[in-house]
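Engineer: Sending over start_20.txt (compact mmCIF, C-alpha atoms and all ligand atoms).
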```
# COMPACT_ATOMS: atom_id res chain seq x y z
CA MET D 870 0.00 0.00 0.00
CA LYS D 871 1.03 3.62 -0.22
CA ILE D 872 2.93 6.14 1.89
CA GLU D 873 3.22 9.60 0.36
CA GLY D 874 1.85 8.13 -2.88
CA LYS D 875 4.57 5.46 -3.19
CA GLU D 876 3.97 1.70 -2.91
CA TYR D 877 5.73 -0.10 -0.04
CA ARG D 878 5.80 -3.38 1.75
CA THR D 879 6.52 -3.29 5.50
CA ILE D 880 9.67 -5.41 5.18
CA TRP D 881 12.01 -6.44 2.38
CA PHE D 882 15.55 -7.70 1.80
CA ASP D 883 18.14 -5.47 0.20
CA ASP D 884 20.02 -7.98 -1.97
CA ASP D 885 22.95 -5.61 -2.62
CA LYS D 886 23.60 -4.49 0.95
CA LYS D 887 22.48 -7.80 2.47
CA VAL D 888 20.34 -6.06 5.09
CA VAL D 889 16.66 -6.26 5.98
CA LYS D 890 14.70 -3.03 5.49
CA ILE D 891 11.76 -2.17 7.76
CA ILE D 892 9.50 0.82 8.25
CA ASP D 893 10.20 1.92 11.84
CA GLN D 894 6.67 1.96 13.28
CA THR D 895 7.71 3.57 16.56
CA LYS D 896 8.28 6.80 14.60
CA LEU D 897 4.91 6.89 12.81
CA PRO D 898 2.81 8.95 12.22
CA TYR D 899 5.21 11.90 12.62
CA LYS D 900 8.30 10.51 10.88
CA PHE D 901 8.57 8.02 8.03
CA ILE D 902 11.88 6.24 8.57
CA ILE D 903 13.19 3.16 6.79
CA LYS D 904 15.62 1.31 9.00
CA ASP D 905 18.26 -1.36 8.26
CA LEU D 906 18.39 -4.55 10.33
CA LYS D 907 21.89 -5.97 10.01
CA THR D 908 22.04 -8.73 12.62
CA VAL D 909 19.65 -11.21 14.21
CA LYS D 910 19.93 -9.12 17.40
CA ASP D 911 18.62 -6.14 15.43
CA ALA D 912 15.63 -8.24 14.33
CA ILE D 913 14.95 -9.47 17.90
CA ASN D 914 15.16 -5.91 19.21
CA ALA D 915 12.88 -4.57 16.46
CA ILE D 916 10.22 -7.11 17.47
CA LYS D 917 10.67 -6.45 21.23
CA ILE D 918 10.45 -2.67 21.06
CA MET D 919 7.78 -2.85 18.36
CA GLU D 920 9.55 -1.13 15.50
CA VAL D 921 7.73 -3.93 13.72
CA ARG D 922 4.53 -5.37 15.17
CA GLY D 923 1.32 -7.11 14.19
CA ALA D 924 1.21 -10.91 14.04
CA PRO D 925 2.04 -11.55 10.35
CA LEU D 926 4.78 -8.91 10.24
CA ILE D 927 6.40 -10.32 13.40
CA GLY D 928 6.46 -13.70 11.60
CA GLY D 929 8.04 -12.18 8.49
CA THR D 930 10.65 -10.36 10.59
CA ALA D 931 11.55 -13.56 12.45
CA ALA D 932 12.05 -15.36 9.12
CA PHE D 933 14.36 -12.60 7.85
CA GLY D 934 16.04 -12.56 11.31
CA MET D 935 17.14 -16.14 10.64
CA VAL D 936 18.58 -15.08 7.28
CA LEU D 937 20.60 -12.42 9.13
CA ALA D 938 21.76 -15.04 11.66
CA ILE D 939 23.11 -17.19 8.81
CA LEU D 940 24.91 -14.19 7.32
CA GLU D 941 26.58 -13.56 10.68
CA ASN D 942 27.52 -17.15 11.39
CA ASN D 943 26.81 -19.93 8.90
CA ASP D 944 26.38 -22.55 11.58
CA LEU D 945 23.36 -24.64 12.65
CA ASP D 946 24.12 -24.29 16.40
CA PHE D 947 24.16 -20.51 16.12
CA LEU D 948 20.93 -20.70 14.12
CA LYS D 949 19.30 -22.85 16.82
CA LYS D 950 20.16 -20.27 19.52
CA ALA D 951 18.97 -17.45 17.26
CA SER D 952 15.66 -19.32 16.71
CA GLU D 953 15.13 -19.66 20.46
CA GLU D 954 15.84 -15.97 21.06
CA LEU D 955 13.53 -14.95 18.21
CA ILE D 956 10.66 -17.06 19.58
CA LYS D 957 11.11 -15.48 23.02
CA SER D 958 11.02 -11.90 21.69
CA ARG D 959 7.20 -11.65 21.96
CA PRO D 960 4.97 -14.39 23.35
CA THR D 961 1.40 -14.01 22.08
CA ALA D 962 1.35 -13.81 18.27
CA ILE D 963 1.72 -17.39 17.08
CA ASN D 964 3.00 -16.31 13.64
CA LEU D 965 6.39 -15.76 15.27
CA GLN D 966 6.98 -19.39 16.26
CA TRP D 967 5.15 -20.59 13.13
CA ALA D 968 7.64 -18.73 10.90
CA VAL D 969 10.70 -19.86 12.89
CA HIS D 970 9.56 -23.51 12.82
CA ARG D 971 8.85 -23.28 9.08
CA MET D 972 12.35 -21.89 8.46
CA ASN D 973 13.98 -24.56 10.65
CA ASN D 974 12.06 -27.36 8.92
CA LYS D 975 13.28 -26.08 5.58
CA LEU D 976 16.89 -25.64 6.74
CA SER D 977 17.43 -28.77 8.87
CA MET D 978 18.65 -30.94 5.97
CA ILE D 979 20.45 -28.24 3.98
CA ASN D 980 24.17 -28.28 3.34
CA SER D 981 25.93 -25.30 5.00
CA ASN D 982 27.00 -23.90 1.58
CA ASP D 983 23.34 -23.55 0.65
CA LEU D 984 21.95 -22.30 3.97
CA PHE D 985 21.83 -18.60 3.07
CA ARG D 986 20.31 -19.09 -0.38
CA VAL D 987 17.60 -21.49 0.87
CA ALA D 988 16.82 -19.37 3.97
CA LEU D 989 16.45 -16.18 1.93
CA LYS D 990 14.18 -17.91 -0.57
CA GLU D 991 11.99 -19.30 2.22
CA ALA D 992 11.78 -15.95 4.10
CA LYS D 993 10.74 -14.24 0.85
CA GLU D 994 8.17 -16.99 0.25
CA ILE D 995 6.71 -16.53 3.75
CA CYS D 996 6.27 -12.82 3.00
CA ASP D 997 4.89 -13.32 -0.54
CA GLU D 998 2.46 -15.90 0.77
CA ASP D 999 1.26 -13.49 3.46
CA VAL D 1000 0.59 -10.84 0.81
CA LYS D 1001 -1.45 -13.34 -1.24
CA PHE D 1002 -3.36 -14.57 1.82
CA CYS D 1003 -4.17 -11.02 2.96
CA GLU D 1004 -5.31 -10.14 -0.56
CA ASN D 1005 -7.65 -13.16 -0.51
CA ILE D 1006 -8.96 -12.12 2.92
CA GLY D 1007 -9.87 -8.83 1.25
CA ILE D 1008 -11.61 -10.49 -1.68
CA ASN D 1009 -13.59 -12.73 0.70
CA GLY D 1010 -14.44 -9.97 3.19
CA LEU D 1011 -15.49 -7.60 0.41
CA LYS D 1012 -18.64 -9.72 -0.10
CA LEU D 1013 -19.78 -8.92 3.46
CA ILE D 1014 -19.32 -5.19 2.93
CA GLU D 1015 -21.10 -5.38 -0.44
CA GLU D 1016 -24.09 -7.11 1.18
CA ILE D 1017 -24.43 -4.30 3.72
CA TYR D 1018 -24.01 -1.64 1.06
CA ASN D 1019 -26.57 -3.24 -1.26
CA LYS D 1020 -29.15 -3.17 1.55
CA LYS D 1021 -28.24 0.23 2.98
CA LYS D 1022 -27.33 2.11 -0.20
CA ASP D 1023 -25.31 4.47 1.97
CA THR D 1024 -21.84 4.70 3.56
CA VAL D 1025 -20.84 1.51 5.36
CA ASN D 1026 -19.50 2.25 8.86
CA ILE D 1027 -16.91 -0.24 10.05
CA LEU D 1028 -15.30 -0.28 13.49
CA THR D 1029 -11.79 -1.67 13.93
CA HIS D 1030 -9.48 -2.08 16.91
CA CYS D 1031 -5.70 -1.71 17.13
CA ASN D 1032 -3.82 -1.88 13.81
CA ALA D 1033 -4.65 -4.94 11.76
CA GLY D 1034 -3.77 -2.91 8.70
CA TRP D 1035 -1.11 -3.38 6.05
CA LEU D 1036 1.45 -2.09 8.56
CA ALA D 1037 0.72 -5.15 10.74
CA THR D 1038 1.26 -7.54 7.82
CA ILE D 1039 3.50 -7.46 4.76
CA ASN D 1040 0.83 -5.74 2.65
CA TRP D 1041 -2.98 -5.24 2.53
CA GLY D 1042 -3.56 -6.00 6.22
CA THR D 1043 -6.11 -8.46 7.57
CA ALA D 1044 -9.00 -6.37 8.97
CA THR D 1045 -8.25 -3.55 6.53
CA SER D 1046 -7.98 -5.70 3.41
CA PRO D 1047 -11.79 -5.99 2.88
CA ILE D 1048 -11.95 -2.23 3.56
CA TYR D 1049 -9.28 -1.41 0.94
CA HIS D 1050 -10.93 -3.76 -1.57
CA ALA D 1051 -14.33 -2.11 -1.00
CA HIS D 1052 -12.81 1.38 -1.24
CA LYS D 1053 -11.05 0.51 -4.51
CA LYS D 1054 -14.39 -0.76 -5.84
CA GLY D 1055 -16.00 2.61 -5.08
CA ILE D 1056 -18.16 1.52 -2.12
CA PRO D 1057 -18.41 4.46 0.31
CA ILE D 1058 -16.73 3.42 3.55
CA HIS D 1059 -16.13 5.15 6.84
CA VAL D 1060 -13.96 3.55 9.54
CA TRP D 1061 -14.28 4.13 13.28
CA VAL D 1062 -10.71 3.70 14.52
CA ASP D 1063 -10.30 2.74 18.19
CA GLU D 1064 -7.39 4.75 19.54
CA THR D 1065 -6.07 1.54 21.23
CA ARG D 1066 -4.40 2.59 24.43
CA PRO D 1067 -1.75 2.35 25.64
CA ARG D 1068 0.39 2.34 22.47
CA ASN D 1069 -2.26 3.96 20.27
CA GLN D 1070 -1.78 1.65 17.29
CA GLY D 1071 -5.25 2.67 16.09
CA ALA D 1072 -4.59 6.40 16.15
CA ASN D 1073 -0.92 6.30 15.13
CA LEU D 1074 -0.97 3.52 12.56
CA THR D 1075 -4.50 2.60 11.39
CA SER D 1076 -5.69 6.16 10.94
CA PHE D 1077 -2.33 7.06 9.34
CA GLU D 1078 -2.50 4.28 6.76
CA LEU D 1079 -6.19 4.88 5.99
CA ASN D 1080 -5.40 8.59 5.44
CA GLU D 1081 -2.58 7.66 3.05
CA GLU D 1082 -5.05 5.50 1.06
CA LYS D 1083 -7.73 8.23 1.31
CA VAL D 1084 -10.20 6.07 3.24
CA SER D 1085 -12.49 8.20 5.41
CA ASN D 1086 -11.94 7.50 9.12
CA THR D 1087 -12.49 8.93 12.59
CA ILE D 1088 -10.39 8.13 15.67
CA ILE D 1089 -12.46 7.42 18.77
CA ALA D 1090 -11.48 6.80 22.40
CA ASP D 1091 -11.50 3.09 23.18
CA ASN D 1092 -14.72 3.38 25.22
CA THR D 1093 -16.77 5.07 22.49
CA GLY D 1094 -17.66 2.02 20.37
CA GLY D 1095 -20.51 0.99 22.70
CA ILE D 1096 -22.57 4.14 22.32
CA LEU D 1097 -21.94 4.26 18.56
CA MET D 1098 -23.31 0.72 18.29
CA GLN D 1099 -26.37 1.66 20.42
CA ARG D 1100 -26.99 4.60 18.08
CA GLY D 1101 -26.84 2.36 15.00
CA GLU D 1102 -23.68 4.04 13.73
CA VAL D 1103 -21.65 0.86 13.32
CA ASP D 1104 -22.68 -1.57 10.53
CA MET D 1105 -20.01 -4.13 11.31
CA CYS D 1106 -16.77 -4.64 13.26
CA ILE D 1107 -13.68 -6.22 11.70
CA VAL D 1108 -10.62 -6.87 13.85
CA GLY D 1109 -7.41 -8.87 13.48
CA THR D 1110 -5.99 -11.54 15.76
CA ASP D 1111 -2.65 -12.66 17.16
CA ARG D 1112 -3.74 -16.24 17.80
CA THR D 1113 -7.01 -17.96 17.00
CA LEU D 1114 -7.62 -21.38 18.49
CA SER D 1115 -9.12 -24.33 16.60
CA THR D 1116 -12.15 -23.78 18.87
CA GLY D 1117 -12.70 -20.36 17.25
CA ASP D 1118 -11.68 -18.40 20.37
CA VAL D 1119 -9.81 -15.27 19.34
CA CYS D 1120 -6.86 -13.62 21.09
CA ASN D 1121 -6.26 -10.03 20.01
CA LYS D 1122 -5.21 -6.61 21.31
CA ILE D 1123 -6.56 -5.71 24.76
CA GLY D 1124 -10.03 -4.21 24.44
CA THR D 1125 -11.20 -6.45 21.58
CA TYR D 1126 -13.31 -8.55 23.97
CA LEU D 1127 -15.25 -5.51 25.23
CA LYS D 1128 -16.01 -4.46 21.65
CA ALA D 1129 -17.29 -7.96 20.89
CA LEU D 1130 -19.57 -7.84 23.95
CA ALA D 1131 -20.98 -4.48 22.88
CA ALA D 1132 -21.44 -5.76 19.30
CA HIS D 1133 -23.27 -8.86 20.59
CA ASP D 1134 -25.60 -6.74 22.74
CA ASN D 1135 -26.43 -4.52 19.77
CA ASN D 1136 -26.68 -7.17 17.02
CA VAL D 1137 -23.70 -5.70 15.18
CA PRO D 1138 -21.80 -8.37 13.18
CA PHE D 1139 -18.34 -8.94 14.66
CA TYR D 1140 -15.82 -10.44 12.22
CA VAL D 1141 -12.21 -11.48 12.76
CA ALA D 1142 -9.85 -11.49 9.76
CA LEU D 1143 -6.82 -13.78 9.74
CA PRO D 1144 -4.41 -15.74 7.59
CA SER D 1145 -4.05 -19.44 8.48
CA SER D 1146 -0.57 -18.73 9.92
CA THR D 1147 -2.40 -17.16 12.91
CA ILE D 1148 -4.27 -20.35 13.83
CA ASP D 1149 -2.98 -22.32 16.81
CA TRP D 1150 -4.09 -25.90 16.12
CA ASN D 1151 -2.58 -27.22 19.37
CA ILE D 1152 -3.84 -25.22 22.35
CA LYS D 1153 -7.43 -26.17 23.16
CA ASP D 1154 -8.13 -23.96 26.19
CA PHE D 1155 -7.77 -20.21 25.75
CA LYS D 1156 -6.45 -19.91 29.32
CA ASP D 1157 -3.27 -21.60 28.05
CA ILE D 1158 -2.46 -18.81 25.56
CA PRO D 1159 0.61 -16.85 26.75
CA ILE D 1160 -0.63 -13.29 27.23
CA GLU D 1161 2.06 -10.63 26.99
CA GLU D 1162 2.36 -8.11 29.82
CA ARG D 1163 4.44 -5.10 28.86
CA ASN D 1164 6.18 -2.32 30.74
CA PRO D 1165 3.60 -0.19 32.64
CA GLU D 1166 5.50 2.91 31.47
CA GLU D 1167 3.75 2.41 28.11
CA LEU D 1168 0.64 3.56 29.99
CA SER D 1169 2.04 6.20 32.31
CA TYR D 1170 4.11 7.99 29.64
CA ILE D 1171 2.73 9.28 26.36
CA GLU D 1172 4.58 10.53 23.31
CA GLY D 1173 3.37 13.28 20.99
CA LYS D 1174 4.24 16.44 19.14
CA ASP D 1175 4.48 19.69 21.13
CA GLU D 1176 3.62 23.17 19.89
CA ASN D 1177 7.17 23.57 18.53
CA ASN D 1178 6.84 20.39 16.46
CA ASN D 1179 9.23 18.50 18.73
CA ILE D 1180 8.41 14.88 19.60
CA THR D 1181 8.20 14.72 23.39
CA LYS D 1182 7.36 12.11 25.98
CA VAL D 1183 5.41 13.14 29.09
CA LEU D 1184 4.23 11.49 32.30
CA ILE D 1185 0.42 11.51 32.51
CA TYR D 1186 -0.19 9.68 35.82
CA PRO D 1187 0.57 10.57 39.44
CA GLU D 1188 4.24 9.75 40.04
CA THR D 1189 3.40 7.36 42.89
CA SER D 1190 0.59 5.41 41.13
CA ARG D 1191 0.98 1.81 40.04
CA SER D 1192 -0.22 0.81 36.58
CA MET D 1193 -0.64 -2.47 34.71
CA ASN D 1194 -0.21 -3.20 31.03
CA ILE D 1195 -1.80 -6.45 29.80
CA ALA D 1196 -1.43 -6.40 26.03
CA PHE D 1197 -4.03 -8.93 24.75
CA ASP D 1198 -7.40 -10.42 25.66
CA ILE D 1199 -9.58 -13.28 24.50
CA THR D 1200 -12.89 -13.05 22.72
CA PRO D 1201 -14.77 -16.33 23.12
CA ALA D 1202 -15.97 -17.84 19.83
CA LYS D 1203 -19.64 -17.33 20.76
CA TYR D 1204 -19.20 -13.55 20.25
CA VAL D 1205 -17.56 -13.90 16.83
CA THR D 1206 -19.93 -13.77 13.84
CA GLY D 1207 -17.37 -15.30 11.50
CA LEU D 1208 -13.70 -15.71 10.60
CA ILE D 1209 -12.56 -14.15 7.33
CA THR D 1210 -9.63 -16.22 6.06
CA GLU D 1211 -7.71 -16.65 2.82
CA LYS D 1212 -9.78 -19.75 2.11
CA GLY D 1213 -13.19 -18.21 2.74
CA ILE D 1214 -15.45 -17.12 5.59
CA CYS D 1215 -16.32 -19.67 8.25
CA GLU D 1216 -18.04 -20.01 11.59
CA ALA D 1217 -15.72 -19.41 14.56
CA SER D 1218 -15.82 -23.03 15.70
CA LYS D 1219 -13.99 -26.32 15.38
CA GLU D 1220 -16.47 -27.43 12.71
CA GLY D 1221 -16.24 -24.12 10.82
CA LEU D 1222 -12.45 -24.15 10.69
CA LYS D 1223 -12.38 -27.86 9.84
CA GLN D 1224 -14.67 -27.26 6.86
CA ILE D 1225 -12.32 -24.83 5.17
CA PHE D 1226 -8.92 -26.02 6.38
CA ASN D 1227 -9.61 -29.75 6.42
CA LYS D 1228 -7.79 -30.22 9.79
O1 LIG P 1 0.88 -5.35 20.00
P1 LIG P 1 0.68 -5.35 18.52
O2 LIG P 1 0.61 -3.98 17.93
O3 LIG P 1 1.67 -6.24 17.82
O4 LIG P 1 -0.75 -6.00 18.33
C1 LIG P 1 -1.29 -6.15 17.06
C2 LIG P 1 -2.67 -6.69 17.06
O5 LIG P 1 -3.24 -6.95 18.09
C3 LIG P 1 -3.30 -6.98 15.74
O6 LIG P 1 -4.69 -6.83 15.81
C4 LIG P 1 -2.98 -8.42 15.33
O7 LIG P 1 -1.61 -8.66 15.38
C5 LIG P 1 -3.49 -8.72 13.98
S1 LIG P 1 -2.45 -8.05 12.75
C6 LIG P 1 -3.03 -8.29 11.23
```
Could you rewrite the structure in this file as structure tokens?
Structural biologist:
Amino acid sequence: MKIEGKEYRTIWFDDDKKVVKIIDQTKLPYKFIIKDLKTVKDAINAIKIMEVRGAPLIGGTAAFGMVLAILENNDLDFLKKASEELIKSRPTAINLQWAVHRMNNKLSMINSNDLFRVALKEAKEICDEDVKFCENIGINGLKLIEEIYNKKKDTVNILTHCNAGWLATINWGTATSPIYHAHKKGIPIHVWVDETRPRNQGANLTSFELNEEKVSNTIIADNTGGILMQRGEVDMCIVGTDRTLSTGDVCNKIGTYLKALAAHDNNVPFYVALPSSTIDWNIKDFKDIPIEERNPEELSYIEGKDENNNITKVLIYPETSRSMNIAFDITPAKYVTGLITEKGICEASKEGLKQIFNK
């Protein structure tokens, strides 16, 4: 998708310099900076401090991180340690371990002379596949938006939470892909963007990328969705996910669950968009999903632009107050109207997922 009118992906490999290029998302929306990752440590750090974030992009970064590890030290023991460190860099999004396992499976029988070439090819394939899957999510989700538009014959209002946009994937996004497809088809769309405290991925990233693509949107405080749904101002919700269980239970950014409850109470369809790399086929009980807890300073300090256009960070809580920063929550399957995947739309249930993925 576009930034300042130019097409980008969120991550790519510079074949001449042998570095990984990323868009540094900690600097958006005020600065657009492309950063080089030169070592596997750089990749681990980028995931930890969220220069890259969003489940599919974390997976893509981990895959390229392994390519960087091979460039540093063409040795399977070093690669094993690098894999372990990569998997530990963030716990909740399953795409991270999925990508590392896929890379290791591919590399386990490869001769050391071929390691770099095979790893680079596989990392690029992981990213290309994500782009294709997200595009298909868009084509499948577009039908839902069209149905609403054909009945309403007026702007379709869609609420989304966090950033499940192209910046969270390699391109297109998950939740935003149906939106971009509908927009490109000329369907009038307006997006309610949850600010998404504490890191404001909605305000800083979703609204930013929708603006760049000229999709009408309004940022709302995280608690506003409920009243908008009661007033009939939300036609549907579409969110992303960091891990969806085979039971259809959905783990996503903190606050998703409350939106699903409000949607259920107001008969607003609540859809979750995901590529199959986000499905955890092993864990059966959502209580077993590792839920990331981040530094409370992400809540108590906020960054923004002051009146002199300087980026500043300020404390917004009493100095002596404690705060807590749980990063994800679980929306039980019963509150999910459907899962929009690359293979089609299905019920959020074991049977629904089995029908389209044959597992
Ligand atoms: O903490 P983040 O910004 O990595 O969380 C991102 C989300 O929760 C997204 O909704 C999810 O990864 C889906 S991305 C297509």
Engineer: Got a sec to check which residues lie within 8 Å of ligand LIG 1 (chain P), using only C-alpha atoms and all ligand atoms, and send them as a ChimeraX atom specification?
Structural biologist: /D:919,921-927,962,1030-1035,1037-1038,1042-1044,1068,1070,1108-1111,1121-1123,1142-1143,1196-1197
Engineer: Counting all atoms listed in the file, figure out which residue out of D:Val1137, D:Ala968, D:Ser981, D:Asn1178 gets nearest to D:Ile956.
Structural biologist: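 Looking only at the distances to D:Ile956, the closest residue turns out to be D:Ala968.
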Engineer: Just to confirm, what's the straight-line distance from atom CA of D:Met935 to atom CA of D:Asp905 in Å (one decimal)?
Structural biologist: 15.0 Å
Engineer: Show me, as a list of chain:residue names, the residues that have an atom within 8 Å of stretch 1045-1047 of chain D when counting only C-alpha atoms, minus same-chain residues fewer than 2 positions from it.
Structural biologist: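 Result of the neighbour search: D:Cys1003, D:Glu1004, D:Ile1006, D:Gly1007, D:Ile1008, D:Asn1009, D:Gly1010, D:Leu1011, D:Ile1014, D:Ala1033, D:Gly1034, D:Trp1035, D:Trp1041, D:Gly1042, D:Thr1043, D:Tyr1049, D:His1050, D:Ala1051, D:Ile1107.
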Engineer: Which of these residues is nearest to D:Thr1075, using only C-alpha atoms: D:Met972, D:Tyr1018, D:Gln894, D:Glu873?
Structural biologist: D:Gln894
Engineer: Find the residues near D:Lys1128: any atom within 10 Å, counting all atoms listed in the file, skip ones fewer than 6 places away on the same chain, and give them as a list of chain:residue names.
Structural biologist: D:Leu1028, D:Thr1029, D:His1030, D:Asp1063, D:Asp1091, D:Asn1092, D:Thr1093, D:Gly1094, D:Gly1095, D:Met1098, D:Cys1106, D:Val1108, D:Asp1134, D:Phe1139, D:Thr1200, D:Tyr1204
Engineer: What is the atom CA of D:Gly1071-atom CA of D:Gln1099 distance in Å, reported with one decimal?
Structural biologist: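 Rounded to one decimal, the two atoms are 21.6 Å apart.
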Engineer: What does the distance between atom CA of D:Lys917 and atom CA of D:Glu1161 come to in Å, to one decimal place?
Structural biologist: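 If I compute the distance from atom CA of D:Lys917 to atom CA of D:Glu1161, I get 11.2 Å.
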Engineer: May I ask which of the residues D:Thr930, D:Asn1069, D:Asn914, D:Ser958 is the closest one to D:Trp881, counting all atoms listed in the file?
Structural biologist: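 Using all atoms listed in the file, the shortest distance to D:Trp881 belongs to D:Thr930.
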Engineer: Using only C-alpha atoms, which of D:Leu1074, D:Leu1184, D:Leu976, D:Met870 sits nearest D:Thr895?
Structural biologist: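 Looking at the shortest contact to D:Thr895, the residue is D:Leu1074.
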Engineer: Counting all atoms listed in the file, find the residues whose atoms lie at most 10 Å from (-3.0, -24.8, 13.4) (file coordinates) and write them out as a list in words.
Structural biologist: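 Applying the cut-off with all atoms listed in the file, one gets Ile963, Trp967, Arg1112, Thr1113, Leu1114, Ser1115, Ser1145, Ser1146, Thr1147, Ile1148, Asp1149, Trp1150, Asn1151, Ile1152, Leu1222, Phe1226 and Lys1228 of chain D.
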Engineer: Check the smallest atom-to-atom distance from each of D:Asn1005, D:Asn1164, D:Asn1026, D:Thr908 to D:Ser1085 using all atoms listed in the file, then report the winner.
Structural biologist: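 When distances to D:Ser1085 are compared using all atoms listed in the file, the smallest one comes from D:Asn1026.
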Engineer: Around all of stretch 1066-1080 of chain D's listed atoms, make the axis-aligned box with 3 Å on each side and tell me centre and edge lengths in Å to one decimal, as lines of an AutoDock Vina configuration file.
Structural biologist:
```
center_x = -2.9
center_y = 5.1
center_z = 15.5
size_x = 12.6
size_y = 12.9
size_z = 26.2
```
Engineer: If we count only C-alpha atoms, what is near D:Val889 at a cut-off of 9 Å, once residues fewer than 2 positions away on the same chain are taken out, given as a count of residues only?
Structural biologist: 18
Engineer: Could you list, as a PDB file with C-alpha atoms, in the frame of the given file, every residue within 12 Å of stretch 1019-1021 of chain D, counting all atoms listed in the file and ignoring same-chain residues fewer than 6 positions away?
Structural biologist:
```
ATOM      1  CA  LYS D1012     -18.640  -9.720  -0.100  1.00  0.00           C
ATOM      2  CA  LEU D1013     -19.780  -8.920   3.460  1.00  0.00           C
ATOM      3  CA  ILE D1056     -18.160   1.520  -2.120  1.00  0.00           C
ATOM      4  CA  PRO D1057     -18.410   4.460   0.310  1.00  0.00           C
ATOM      5  CA  ILE D1058     -16.730   3.420   3.550  1.00  0.00           C
ATOM      6  CA  ASP D1104     -22.680  -1.570  10.530  1.00  0.00           C
TER       7      ASP D1104
END
```
Engineer: Smallest atom-to-atom distance to D:Val1084: which of D:Thr1116, D:Thr1024, D:Thr1125, D:Thr879, using all atoms listed in the file?
Structural biologist: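 Checking each candidate against D:Val1084, we get D:Thr1024 as the closest.
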Engineer: What's around stretch 940-943 of chain D at 8 Å? Count all atoms listed in the file, leave out sequence neighbours fewer than 2 positions away in its own chain, and write the answer as a list in words.
Structural biologist: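 So, after excluding close chain neighbours, the residues are Thr908, Val936, Leu937, Ala938, Leu945, Phe947, Leu948, Ser981, Leu984 and Phe985 of chain D.
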